[in-house]
Structure formats: structure tokens, C-alpha cells
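Asks: My structure is in my_file12.cif, and what it holds is mmCIF, C-alpha atoms and all ligand atoms:
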```
data_run
loop_
_atom_site.label_atom_id
_atom_site.label_comp_id
_atom_site.auth_asym_id
_atom_site.auth_seq_id
_atom_site.Cartn_x
_atom_site.Cartn_y
_atom_site.Cartn_z
CA MET A 20 110.48 114.91 85.00
CA GLY A 21 110.24 111.98 87.42
CA GLU A 22 113.30 109.85 88.02
CA MET A 23 113.18 106.69 85.91
CA ARG A 24 115.29 103.62 86.58
CA ALA A 25 116.28 101.99 83.28
CA GLY A 26 113.53 99.61 82.20
CA LEU A 27 111.21 100.44 85.11
CA ARG A 28 107.67 101.15 83.94
CA ARG A 29 105.72 103.56 86.12
CA ALA A 30 101.98 104.10 86.36
CA CYS A 31 100.02 106.16 88.84
CA LEU A 32 96.63 107.04 90.26
CA MET A 33 95.65 110.64 89.56
CA GLY A 34 93.00 112.02 91.88
CA HIS A 35 92.31 114.39 94.75
CA PRO A 36 92.49 112.94 97.38
CA VAL A 37 94.28 109.63 96.69
CA ALA A 38 95.92 108.64 99.98
CA HIS A 39 93.12 106.16 100.86
CA SER A 40 93.49 104.19 97.59
CA ARG A 41 94.18 100.44 97.51
CA SER A 42 95.18 100.52 93.82
CA PRO A 43 98.96 100.58 94.56
CA MET A 44 98.55 97.35 96.59
CA ILE A 45 96.85 95.67 93.63
CA HIS A 46 99.21 96.77 90.85
CA ASN A 47 102.43 96.41 92.84
CA TYR A 48 101.31 92.90 93.89
CA TRP A 49 100.79 91.94 90.23
CA CYS A 50 104.14 93.45 89.16
CA GLN A 51 105.85 91.36 91.82
CA GLN A 52 103.89 88.18 91.01
CA LEU A 53 104.52 88.47 87.28
CA GLY A 54 108.16 89.56 87.62
CA ILE A 55 107.46 92.86 85.84
CA ALA A 56 109.79 95.79 86.50
CA GLY A 57 106.95 98.19 87.22
CA VAL A 58 105.70 100.42 89.98
CA TYR A 59 102.34 102.09 90.65
CA GLU A 60 102.31 105.36 92.58
CA LEU A 61 99.86 107.93 93.93
CA LYS A 62 99.64 111.43 92.44
CA ASP A 63 97.47 113.86 94.34
CA LEU A 64 96.60 116.51 91.75
CA THR A 65 94.27 119.46 92.14
CA PRO A 66 91.81 120.15 89.30
CA GLU A 67 94.14 122.98 88.24
CA ALA A 68 97.18 120.70 88.08
CA PHE A 69 95.57 117.62 86.52
CA PRO A 70 95.27 118.59 82.80
CA ALA A 71 98.92 119.55 82.34
CA PHE A 72 100.09 116.48 84.23
CA ALA A 73 97.88 114.10 82.24
CA ARG A 74 98.82 115.62 78.89
CA GLY A 75 102.48 115.20 79.79
CA LEU A 76 102.17 111.70 81.32
CA GLY A 77 105.02 110.32 79.19
CA THR A 78 107.38 113.22 79.81
CA ASN A 79 106.47 113.00 83.50
CA GLY A 80 107.87 109.46 83.41
CA TYR A 81 104.64 107.42 83.33
CA VAL A 82 103.34 104.83 80.87
CA GLY A 83 99.81 105.63 82.02
CA GLY A 84 97.56 105.64 85.03
CA ASN A 85 94.16 105.50 86.61
CA VAL A 86 92.01 108.56 87.11
CA THR A 87 89.68 108.99 90.04
CA VAL A 88 87.44 111.63 91.64
CA PRO A 89 87.24 114.48 90.65
CA HIS A 90 89.09 114.13 87.31
CA LYS A 91 87.20 111.44 85.32
CA GLU A 92 85.25 113.90 83.16
CA ALA A 93 88.35 116.06 82.59
CA ALA A 94 90.25 112.92 81.54
CA PHE A 95 87.45 112.14 79.09
CA ARG A 96 87.93 115.55 77.45
CA LEU A 97 91.75 115.29 77.41
CA ALA A 98 91.97 111.85 75.78
CA ASN A 99 92.66 111.87 72.01
CA ALA A 100 90.62 108.67 71.61
CA ARG A 101 88.45 106.56 73.95
CA ASP A 102 87.13 103.03 74.24
CA ALA A 103 83.44 102.28 73.77
CA ALA A 104 82.61 102.13 77.48
CA ALA A 105 84.23 105.52 78.12
CA GLU A 106 82.29 107.02 75.20
CA ALA A 107 79.06 105.57 76.58
CA VAL A 108 79.43 106.79 80.16
CA GLY A 109 81.28 110.06 79.43
CA ALA A 110 84.07 109.34 81.92
CA VAL A 111 87.64 108.02 81.65
CA ASN A 112 89.34 106.21 84.53
CA VAL A 113 92.29 104.67 82.62
CA LEU A 114 94.84 106.62 80.56
CA TRP A 115 97.67 105.18 78.47
CA ALA A 116 99.91 106.25 75.60
CA GLU A 117 99.54 104.55 72.23
CA ASN A 118 101.26 105.62 69.01
CA GLY A 119 101.90 109.07 70.42
CA LYS A 120 98.25 109.53 71.45
CA LEU A 121 96.70 109.79 74.90
CA MET A 122 94.11 107.02 75.05
CA GLY A 123 91.23 106.86 77.54
CA GLY A 124 89.21 103.89 78.74
CA ASN A 125 86.59 103.10 81.32
CA SER A 126 87.12 99.97 83.39
CA ASP A 127 84.63 100.77 86.20
CA THR A 128 81.93 99.47 83.86
CA HIS A 129 83.66 96.12 83.41
CA GLY A 130 84.56 95.97 87.12
CA PHE A 131 80.96 96.55 88.13
CA ILE A 132 79.45 93.80 86.01
CA ALA A 133 82.26 91.23 86.28
CA ASN A 134 81.96 91.43 90.06
CA LEU A 135 78.20 90.88 89.91
CA ASP A 136 78.66 87.92 87.54
CA GLU A 137 81.27 86.39 89.80
CA ARG A 138 79.61 86.91 93.18
CA ALA A 139 75.98 86.36 92.17
CA PRO A 140 75.96 84.01 89.17
CA GLY A 141 72.52 83.74 87.56
CA TRP A 142 71.50 87.21 88.81
CA LYS A 143 70.03 88.00 85.39
CA VAL A 144 66.63 86.36 85.63
CA PRO A 145 63.99 86.70 82.88
CA GLY A 146 62.51 90.20 82.99
CA CYS A 147 65.24 91.25 85.44
CA ARG A 148 64.50 94.50 87.29
CA ALA A 149 67.30 96.45 88.92
CA VAL A 150 67.01 99.37 91.30
CA VAL A 151 70.08 101.64 91.40
CA LEU A 152 70.44 104.08 94.27
CA GLY A 153 72.43 107.17 93.26
CA ALA A 154 73.16 109.04 90.04
CA GLY A 155 76.86 109.93 90.33
CA GLY A 156 79.90 108.40 88.64
CA ALA A 157 79.51 104.88 90.02
CA ALA A 158 75.82 104.84 89.10
CA ARG A 159 76.67 105.78 85.49
CA SER A 160 78.81 102.65 85.12
CA ALA A 161 76.24 100.48 86.87
CA VAL A 162 73.24 101.71 84.88
CA TYR A 163 75.11 101.46 81.56
CA MET A 164 76.18 97.85 82.17
CA LEU A 165 72.84 96.73 83.60
CA ARG A 166 71.09 98.16 80.53
CA GLU A 167 73.70 96.54 78.23
CA ARG A 168 72.75 93.22 79.82
CA GLY A 169 69.09 93.89 79.18
CA ALA A 170 67.94 94.61 82.74
CA ASP A 171 65.07 96.98 83.33
CA VAL A 172 66.54 99.78 85.49
CA ASP A 173 64.97 102.20 87.97
CA ILE A 174 67.24 104.94 89.31
CA VAL A 175 66.45 106.49 92.68
CA ASN A 176 68.36 109.61 93.71
CA ARG A 177 68.13 112.45 96.20
CA THR A 178 68.54 114.98 93.38
CA LEU A 179 65.89 113.95 90.87
CA PRO A 180 67.25 115.90 87.85
CA ARG A 181 70.54 113.94 88.06
CA ALA A 182 68.58 110.67 88.01
CA GLN A 183 66.53 111.95 85.07
CA GLU A 184 69.64 112.85 83.09
CA LEU A 185 71.11 109.40 83.66
CA ALA A 186 67.85 107.63 82.93
CA GLY A 187 67.44 109.56 79.67
CA ARG A 188 70.93 108.63 78.56
CA PHE A 189 70.55 104.90 79.09
CA GLY A 190 66.84 104.20 78.73
CA ALA A 191 66.11 103.76 82.43
CA ARG A 192 63.47 105.35 84.69
CA ALA A 193 64.14 108.06 87.30
CA HIS A 194 62.51 108.42 90.70
CA ALA A 195 62.73 110.47 93.87
CA MET A 196 63.57 108.69 97.14
CA ASP A 197 59.94 108.25 98.19
CA ALA A 198 59.39 105.71 95.38
CA LEU A 199 61.92 103.29 96.83
CA ALA A 200 59.65 101.07 98.96
CA ARG A 201 57.33 100.45 95.99
CA LEU A 202 60.23 99.70 93.63
CA LEU A 203 61.88 97.29 96.06
CA ALA A 204 58.86 95.00 95.95
CA THR A 205 59.59 93.99 92.35
CA ALA A 206 63.40 94.34 92.30
CA ASP A 207 65.68 91.39 91.44
CA VAL A 208 68.86 93.39 92.02
CA LEU A 209 69.36 96.34 94.36
CA VAL A 210 72.58 98.35 93.95
CA ASN A 211 73.82 101.11 96.23
CA CYS A 212 75.85 103.59 94.19
CA THR A 213 75.57 106.47 96.65
CA SER A 214 78.40 107.29 99.04
CA LEU A 215 76.04 106.65 101.98
CA GLY A 216 77.31 103.88 104.23
CA MET A 217 80.96 104.55 103.43
CA ALA A 218 83.27 104.84 106.46
CA GLY A 219 83.08 108.40 107.72
CA LYS A 220 79.84 109.21 105.84
CA GLU A 221 76.20 109.12 106.87
CA ALA A 222 74.53 105.71 107.00
CA LEU A 223 72.19 104.55 104.25
CA ARG A 224 68.85 104.00 105.94
CA ILE A 225 66.47 101.88 103.94
CA ASP A 226 63.98 99.22 104.96
CA LEU A 227 64.60 96.00 103.04
CA ALA A 228 61.31 94.44 104.16
CA PRO A 229 59.56 94.80 100.75
CA LEU A 230 62.46 93.08 98.91
CA LYS A 231 61.94 89.54 97.53
CA ARG A 232 64.16 86.98 99.27
CA SER A 233 65.62 86.01 95.89
CA ALA A 234 66.88 89.56 95.24
CA VAL A 235 70.63 90.24 95.08
CA VAL A 236 71.93 93.20 97.10
CA TYR A 237 75.10 94.90 95.79
CA ASP A 238 76.97 97.77 97.46
CA VAL A 239 79.78 99.36 95.42
CA ILE A 240 81.33 100.72 98.62
CA TYR A 241 84.28 98.67 99.90
CA VAL A 242 85.24 100.60 103.06
CA PRO A 243 83.85 99.03 105.18
CA LEU A 244 83.89 95.68 103.40
CA GLU A 245 80.45 94.80 104.70
CA THR A 246 78.31 97.92 104.87
CA ALA A 247 75.24 98.13 107.10
CA LEU A 248 73.15 97.56 103.94
CA LEU A 249 74.98 94.32 103.09
CA LYS A 250 74.84 93.14 106.70
CA ALA A 251 71.09 93.70 106.86
CA ALA A 252 70.66 91.95 103.50
CA ARG A 253 72.79 88.97 104.52
CA GLU A 254 70.82 88.60 107.74
CA ARG A 255 67.59 88.52 105.72
CA GLY A 256 69.00 85.74 103.53
CA HIS A 257 69.79 87.73 100.36
CA ARG A 258 72.83 87.05 98.20
CA THR A 259 75.19 90.00 98.71
CA VAL A 260 77.98 91.51 96.59
CA ASP A 261 80.57 93.93 98.03
CA GLY A 262 82.51 96.67 96.23
CA LEU A 263 85.99 95.20 96.64
CA GLY A 264 85.51 92.82 93.72
CA MET A 265 84.56 95.78 91.51
CA LEU A 266 87.84 97.50 92.39
CA LEU A 267 89.78 94.29 91.67
CA HIS A 268 88.00 93.51 88.42
CA GLN A 269 88.48 97.03 87.03
CA ALA A 270 92.20 97.03 87.82
CA GLY A 271 93.27 94.37 85.27
CA TYR A 272 92.33 96.52 82.28
CA GLY A 273 94.80 99.29 83.13
CA PHE A 274 97.48 96.85 84.22
CA ARG A 275 97.46 95.10 80.85
CA LYS A 276 97.70 98.45 79.02
CA TRP A 277 100.66 99.72 81.07
CA PHE A 278 102.59 96.62 82.04
CA GLY A 279 101.27 93.74 79.89
CA GLY A 280 100.99 90.20 81.26
CA SER A 281 97.93 88.41 82.61
CA PRO A 282 97.13 89.71 86.08
CA GLN A 283 95.04 87.28 88.13
CA MET A 284 92.64 88.04 90.96
CA THR A 285 93.94 85.47 93.39
CA PRO A 286 92.33 84.74 96.78
CA GLU A 287 95.67 85.84 98.26
CA LEU A 288 95.36 89.31 96.69
CA ARG A 289 91.79 89.72 97.88
CA ALA A 290 92.82 88.59 101.38
CA LEU A 291 95.66 91.17 101.44
CA LEU A 292 93.23 93.96 100.59
CA GLU A 293 90.61 92.74 103.05
CA ALA A 294 93.17 92.66 105.85
CA ASP A 295 94.34 96.19 105.01
CA ILE A 296 90.78 97.54 104.93
CA VAL A 297 89.84 95.86 108.21
CA ALA A 298 93.03 97.12 109.91
CA LYS A 299 92.52 100.73 108.78
CA THR A 300 88.73 101.12 109.05
CA PRO A 301 87.53 102.64 112.34
CA LYS A 302 85.06 100.35 114.13
P1 LIG A 401 79.43 110.82 93.28
O1 LIG A 401 79.59 110.95 91.82
O2 LIG A 401 79.85 111.94 94.17
O3 LIG A 401 77.89 110.44 93.60
C1 LIG A 401 77.46 110.34 94.93
C2 LIG A 401 76.01 109.86 94.95
O4 LIG A 401 75.64 109.71 96.34
C3 LIG A 401 75.02 110.81 94.33
O5 LIG A 401 73.96 110.09 93.74
C4 LIG A 401 74.53 111.59 95.55
O6 LIG A 401 73.22 112.12 95.40
C5 LIG A 401 74.48 110.50 96.59
N1 LIG A 401 74.54 111.07 97.94
C6 LIG A 401 75.63 111.61 98.54
N2 LIG A 401 75.31 112.04 99.78
C7 LIG A 401 73.98 111.78 99.94
C8 LIG A 401 73.06 111.99 101.00
N3 LIG A 401 73.44 112.58 102.16
N4 LIG A 401 71.78 111.57 100.85
C9 LIG A 401 71.40 110.96 99.69
N5 LIG A 401 72.21 110.75 98.65
C10 LIG A 401 73.49 111.15 98.77
O7 LIG A 401 80.28 109.56 93.83
P2 LIG A 401 80.68 108.22 93.00
O8 LIG A 401 81.98 108.45 92.35
O9 LIG A 401 79.50 107.78 92.22
O10 LIG A 401 80.94 107.23 94.23
C11 LIG A 401 79.86 106.72 95.01
C12 LIG A 401 80.40 105.60 95.89
O11 LIG A 401 80.85 104.53 95.06
C13 LIG A 401 81.61 106.01 96.75
O12 LIG A 401 81.45 105.47 98.03
C14 LIG A 401 82.78 105.36 96.05
O13 LIG A 401 83.82 105.02 96.93
C15 LIG A 401 82.14 104.11 95.47
N6 LIG A 401 82.85 103.59 94.28
C16 LIG A 401 83.33 102.34 94.33
C17 LIG A 401 84.01 101.82 93.24
C18 LIG A 401 84.58 100.42 93.30
O14 LIG A 401 85.47 100.09 92.50
N7 LIG A 401 84.08 99.59 94.19
C19 LIG A 401 84.17 102.58 92.07
C20 LIG A 401 83.63 103.88 92.03
C21 LIG A 401 82.98 104.38 93.16
P3 LIG A 401 72.98 113.58 94.76
O15 LIG A 401 73.00 113.38 93.26
O16 LIG A 401 71.66 113.98 95.29
O17 LIG A 401 74.12 114.46 95.24
#
```
Now, as a test, write the supplied structure out as C-alpha cells.

Replies:
Amino acid sequence: MGEMRAGLRRACLMGHPVAHSRSPMIHNYWCQQLGIAGVYELKDLTPEAFPAFARGLGTNGYVGGNVTVPHKEAAFRLANARDAAAEAVGAVNVLWAENGKLMGGNSDTHGFIANLDERAPGWKVPGCRAVVLGAGGAARSAVYMLRERGADVDIVNRTLPRAQELAGRFGARAHAMDALARLLATADVLVNCTSLGMAGKEALRIDLAPLKRSAVVYDVIYVPLETALLKAARERGHRTVDGLGMLLHQAGYGFRKWFGGSPQMTPELRALLEADIVAKTPK
């Protein structure tokens, strides 16, 4: 059982690995700003250790927590009840206790779309066509929300069967990588949901030439803050959306469940995170 100071509410991020996470900066900033006696910690848990820890969150001293790679599907199965977004995407990234039950929610979905709404207002044009690169966890949230908003969605992924599974689930279309140039010509929104372009990973190499100038380019990656894709898009005059806002927008949901209050995404908080990312990302 973790040590618990009287009245101190504790939440944590459960994942493997977790050391890179900026979530403690966000939640601990809000606790301080709102005068809440709360703390948010990191819990590196192997897939073997995660289920017992999550089931015993309360006895481990936590009011709840976030769940990240590779435990989101396991958290979905462990939760006694789930919110509508979690049910739709089949993944849980927020856990909290309610009336003796372990509740599961999905805030990546909200984070994805709220960030797009904020950074590219008016993105949803009549007959909106979105191209989503990738078919992993981030793509699930993106495709679900884009479809909820009525966009026509094409999914392009290296492993075609994964794209087909996702497309079937949400009423989108699946394609192999060689379809990309053709799809870009009619896209209004292009979203990178692969891990390509992330610091330490291979670059994402795509030619944006076919893309309409009015198209919005969104990269869910936030390390680096401006990926090579976003830089190329900005230089071509596209509106661009980075992944940091998605992280910030998803965080409020869990915070309200665990600590209460009305956490705000202030420019100061975003600037703190930007500075941390810039300082710790290799050039
Ligand atoms: P994931 O489930 O592991 O999916 C990774 C995706 O990238 C898959 O579609 C995979 O294709 C593709 N991919 C990986 N390596 C590739 C390569 N060499 N060539 C082509 N495609 C490749 O990961 P995830 O959880 O969706 O995360 C994806 C990215 O989103 C990560 O960078 C993560 O940090 C970011 N993310 C950001 C937020 C946020 O709040 N901003 C939230 C969640 C995730 P295959 O299917 O062919 O393997």
C-alpha cells in the first residue's frame, strides 16, 4: 500500500515505459493552480503487473489514473463499466473508482477532436474528406471522432488488414500506402497517426505536392513539437495542428474525475510543456 498523507489525493499514469510522459507536469500544475491537495505520479508496470495493480488502485492508494501503451486494451477488459467513447474504440485510457466500481473512459477521442476544433476552426467543410495515416491506438480515436463528425475517412496503413479492421468498425475505407498520392489530391484534412516522425523513430516520408492548399495537416506526435511533416506543411501554406494540444485536451477529463475542479488549458501551461519538450528533444 502506498503511503498516503491525510487528505492527499493521488493519481498516476500506468504504462510501460512511462518516464517520457508529460502528464505529471499537466496534472501537478493544475493541482497547484486550483489549490487541490493532489499529486500525479508515474507507475511503470509490465503487462504482467498491470491487471493486479489496476484492480487494486484504491488499496494501492490511488483515486484513479491514466493508462497508456501497452495497457489500454487490458484496461478496457478490467473496467466494470465504460463511457461511450471507450466502448466505441475498445480502449480505456482513464480509470477511476465510482461507487465501489472500477470505471473506464477514453479521453484520447475528445483530445483529438477538441485540438482540431481549437487549432483549425472551420476544418469541417461540406463533404469533408479526411485521410488518416496509421491504424493503431491513436488512429482508432481519430477515425472514430472524424466519423462522428460526419467526415468521409480514408485510412492508409503499412499493414492493410489493420486498416481494414478499423475501417470496417467505423465505416471508413482502407488502403495500402501506394494509394496515398491519389487520396491526398481530394483530402481536406490529413492526419498522421503513425509513430513515424517521432523523436528517435524513422521519418515519415510523404510528398505533400498533391494536397490542396486549403487542407489542414495534423500530426498527433508532440515530440518533436513540429515534426518534419508539419514543417513541410507550414512551408507550403497549410494550416497545421500539433499533438501537444491533443495531450492537453485529453487530460482534463481524468483530472475532473480524480480531483474535481475546472482545470484550464492556459497559455502558461502550454508554454511550460513546450519548453520542456524543446529542452529534452535531441536536435
Ligand atoms: P501504435 O498503436 O503502435 O500504432 C503505430 C502505427 O504506426 C501503426 O499504424 C503502424 O503501422 C505505424 N508504423 C509504425 N512504424 C511504421 C513504419 N516503419 N512504417 C510505416 N508505418 C509504421 O501506436 P499509437 O498508440 O497509435 O501511437 C502512434 C503515435 O501517436 C505515437 O507517436 C504516439 O506518441 C502518438 N500519440 C499521441 C497522442 C497525443 O495525445 N498527442 C495520443 C496517443 C498517441 P502497422 O499497423 O503497419 O504496424

Asks: Hey, which residues sit close to ligand LIG 401 (chain A)? Say within 8 Å, counting only C-alpha atoms and all ligand atoms, and write them as a PyMOL selection string.

Replies: chain A and resi 88+127+130-131+152-159+176-179+181-182+211-217+221+223+239-242+261-267+269

Asks: Which residues of range 66-99 of chain A sit at most 9 Å from range 35-48 of chain A, using only C-alpha atoms? Give each one's shortest atom pair and distance in Å (one decimal place), in chain and ascending residue order, as a tab-separated table.

Replies:
```
residue	atom	partner	partner_atom	distance
A:Pro66	CA	A:His35	CA	7.9
A:Asn85	CA	A:Ser42	CA	8.8
A:Thr87	CA	A:His35	CA	7.6
A:Val88	CA	A:His35	CA	6.4
A:Pro89	CA	A:His35	CA	6.5
A:His90	CA	A:His35	CA	8.1
```

Asks: Calculated over only C-alpha atoms, which of the candidates A:Trp277, A:Phe95, A:Phe72, A:Trp49 has the smallest distance to Gly109 in chain A?

Replies: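 With only C-alpha atoms as the atom set, the closest residue is A:Phe95.
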
Asks: Please, what distance in Å, to one decimal, runs between CA of Ala252 in chain A and CA of Asp207 in chain A?

Replies: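 Straight-line distance from CA of Ala252 in chain A to CA of Asp207 in chain A works out to 13.1 Å.
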
Asks: I need every residue sitting at most 12 Å from the point (81.0, 85.8, 89.6) (coordinates as in the file, only C-alpha atoms considered), written as an mmCIF file with C-alpha atoms, keeping the file's coordinate frame.

Replies:
```cif
data_model
loop_
_atom_site.group_PDB
_atom_site.id
_atom_site.type_symbol
_atom_site.label_atom_id
_atom_site.label_comp_id
_atom_site.auth_asym_id
_atom_site.auth_seq_id
_atom_site.Cartn_x
_atom_site.Cartn_y
_atom_site.Cartn_z
ATOM 1 C CA GLY A 130 84.560 95.970 87.120
ATOM 2 C CA PHE A 131 80.960 96.550 88.130
ATOM 3 C CA ILE A 132 79.450 93.800 86.010
ATOM 4 C CA ALA A 133 82.260 91.230 86.280
ATOM 5 C CA ASN A 134 81.960 91.430 90.060
ATOM 6 C CA LEU A 135 78.200 90.880 89.910
ATOM 7 C CA ASP A 136 78.660 87.920 87.540
ATOM 8 C CA GLU A 137 81.270 86.390 89.800
ATOM 9 C CA ARG A 138 79.610 86.910 93.180
ATOM 10 C CA ALA A 139 75.980 86.360 92.170
ATOM 11 C CA PRO A 140 75.960 84.010 89.170
ATOM 12 C CA GLY A 141 72.520 83.740 87.560
ATOM 13 C CA TRP A 142 71.500 87.210 88.810
ATOM 14 C CA LYS A 143 70.030 88.000 85.390
ATOM 15 C CA ARG A 258 72.830 87.050 98.200
ATOM 16 C CA THR A 259 75.190 90.000 98.710
ATOM 17 C CA VAL A 260 77.980 91.510 96.590
ATOM 18 C CA ASP A 261 80.570 93.930 98.030
ATOM 19 C CA GLY A 264 85.510 92.820 93.720
ATOM 20 C CA MET A 265 84.560 95.780 91.510
ATOM 21 C CA HIS A 268 88.000 93.510 88.420
ATOM 22 C CA MET A 284 92.640 88.040 90.960
#
```

Asks: Neighbours of Ala198 in chain A within 10 Å (only C-alpha atoms; same-chain residues fewer than 2 positions away dropped), as a list in words?

Replies: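 Surrounding residues, per the criterion: Asp173, Ile174, Val175, Asn176, Ala193, His194, Ala195, Met196, Ala200, Arg201, Leu202 and Leu203 of chain A.
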
Asks: Can you tell me which residues surround Ala234 in chain A at a distance of at most 8 Å, considering all atoms listed in the file, apart from same-chain residues fewer than 3 positions away, and format the answer as a ChimeraX atom specification?

Replies: /A:206-209,230-231,257-258

Asks: For CA of Ala103 in chain A and CA of Thr65 in chain A, quote the distance in Å rounded to one decimal.

Replies: 27.4 Å

Asks: Per residue of range 60-126 of chain A within 12 Å of range 165-168 of chain A, note the shortest atom pair and the distance in Å to one decimal, counting only C-alpha atoms, and order the rows by chain and increasing residue number, as a tab-separated table.

Replies:
```
residue	atom	partner	partner_atom	distance
A:Ala104	CA	A:Glu167	CA	10.5
A:Ala107	CA	A:Glu167	CA	10.6
A:Val108	CA	A:Glu167	CA	11.9
```

Asks: Provide the CA of Gly57 in chain A to CA of Gly279 in chain A distance in Å, to one decimal place.

Replies: 10.3 Å

Asks: Nearest to Asp226 in chain A among A:Leu199, A:Thr246, A:Ala100, A:Lys62, with distances taken over all atoms listed in the file: which residue is it?

Replies: A:Leu199

Asks: In terms of the shortest atom-to-atom distance over all atoms listed in the file, which of A:Lys91, A:Lys120, A:Lys302, A:Arg28 is closest to Gly219 in chain A?

Replies: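 The closest residue to Gly219 in chain A is A:Lys302.
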
Asks: Which neighbours of Ala116 in chain A fall inside 9 Å, counting all atoms listed in the file, when residues of the same chain fewer than 3 positions from it are skipped, and could you give them as a PyMOL selection string?

Replies: chain A and resi 76-77+82-83+119-123+276-277

Asks: Point out the residue among A:Pro229, A:Gly75, A:Gly124, A:Gly187 with the least atom-to-atom distance to Ala204 in chain A, counting only C-alpha atoms.

Replies: A:Pro229
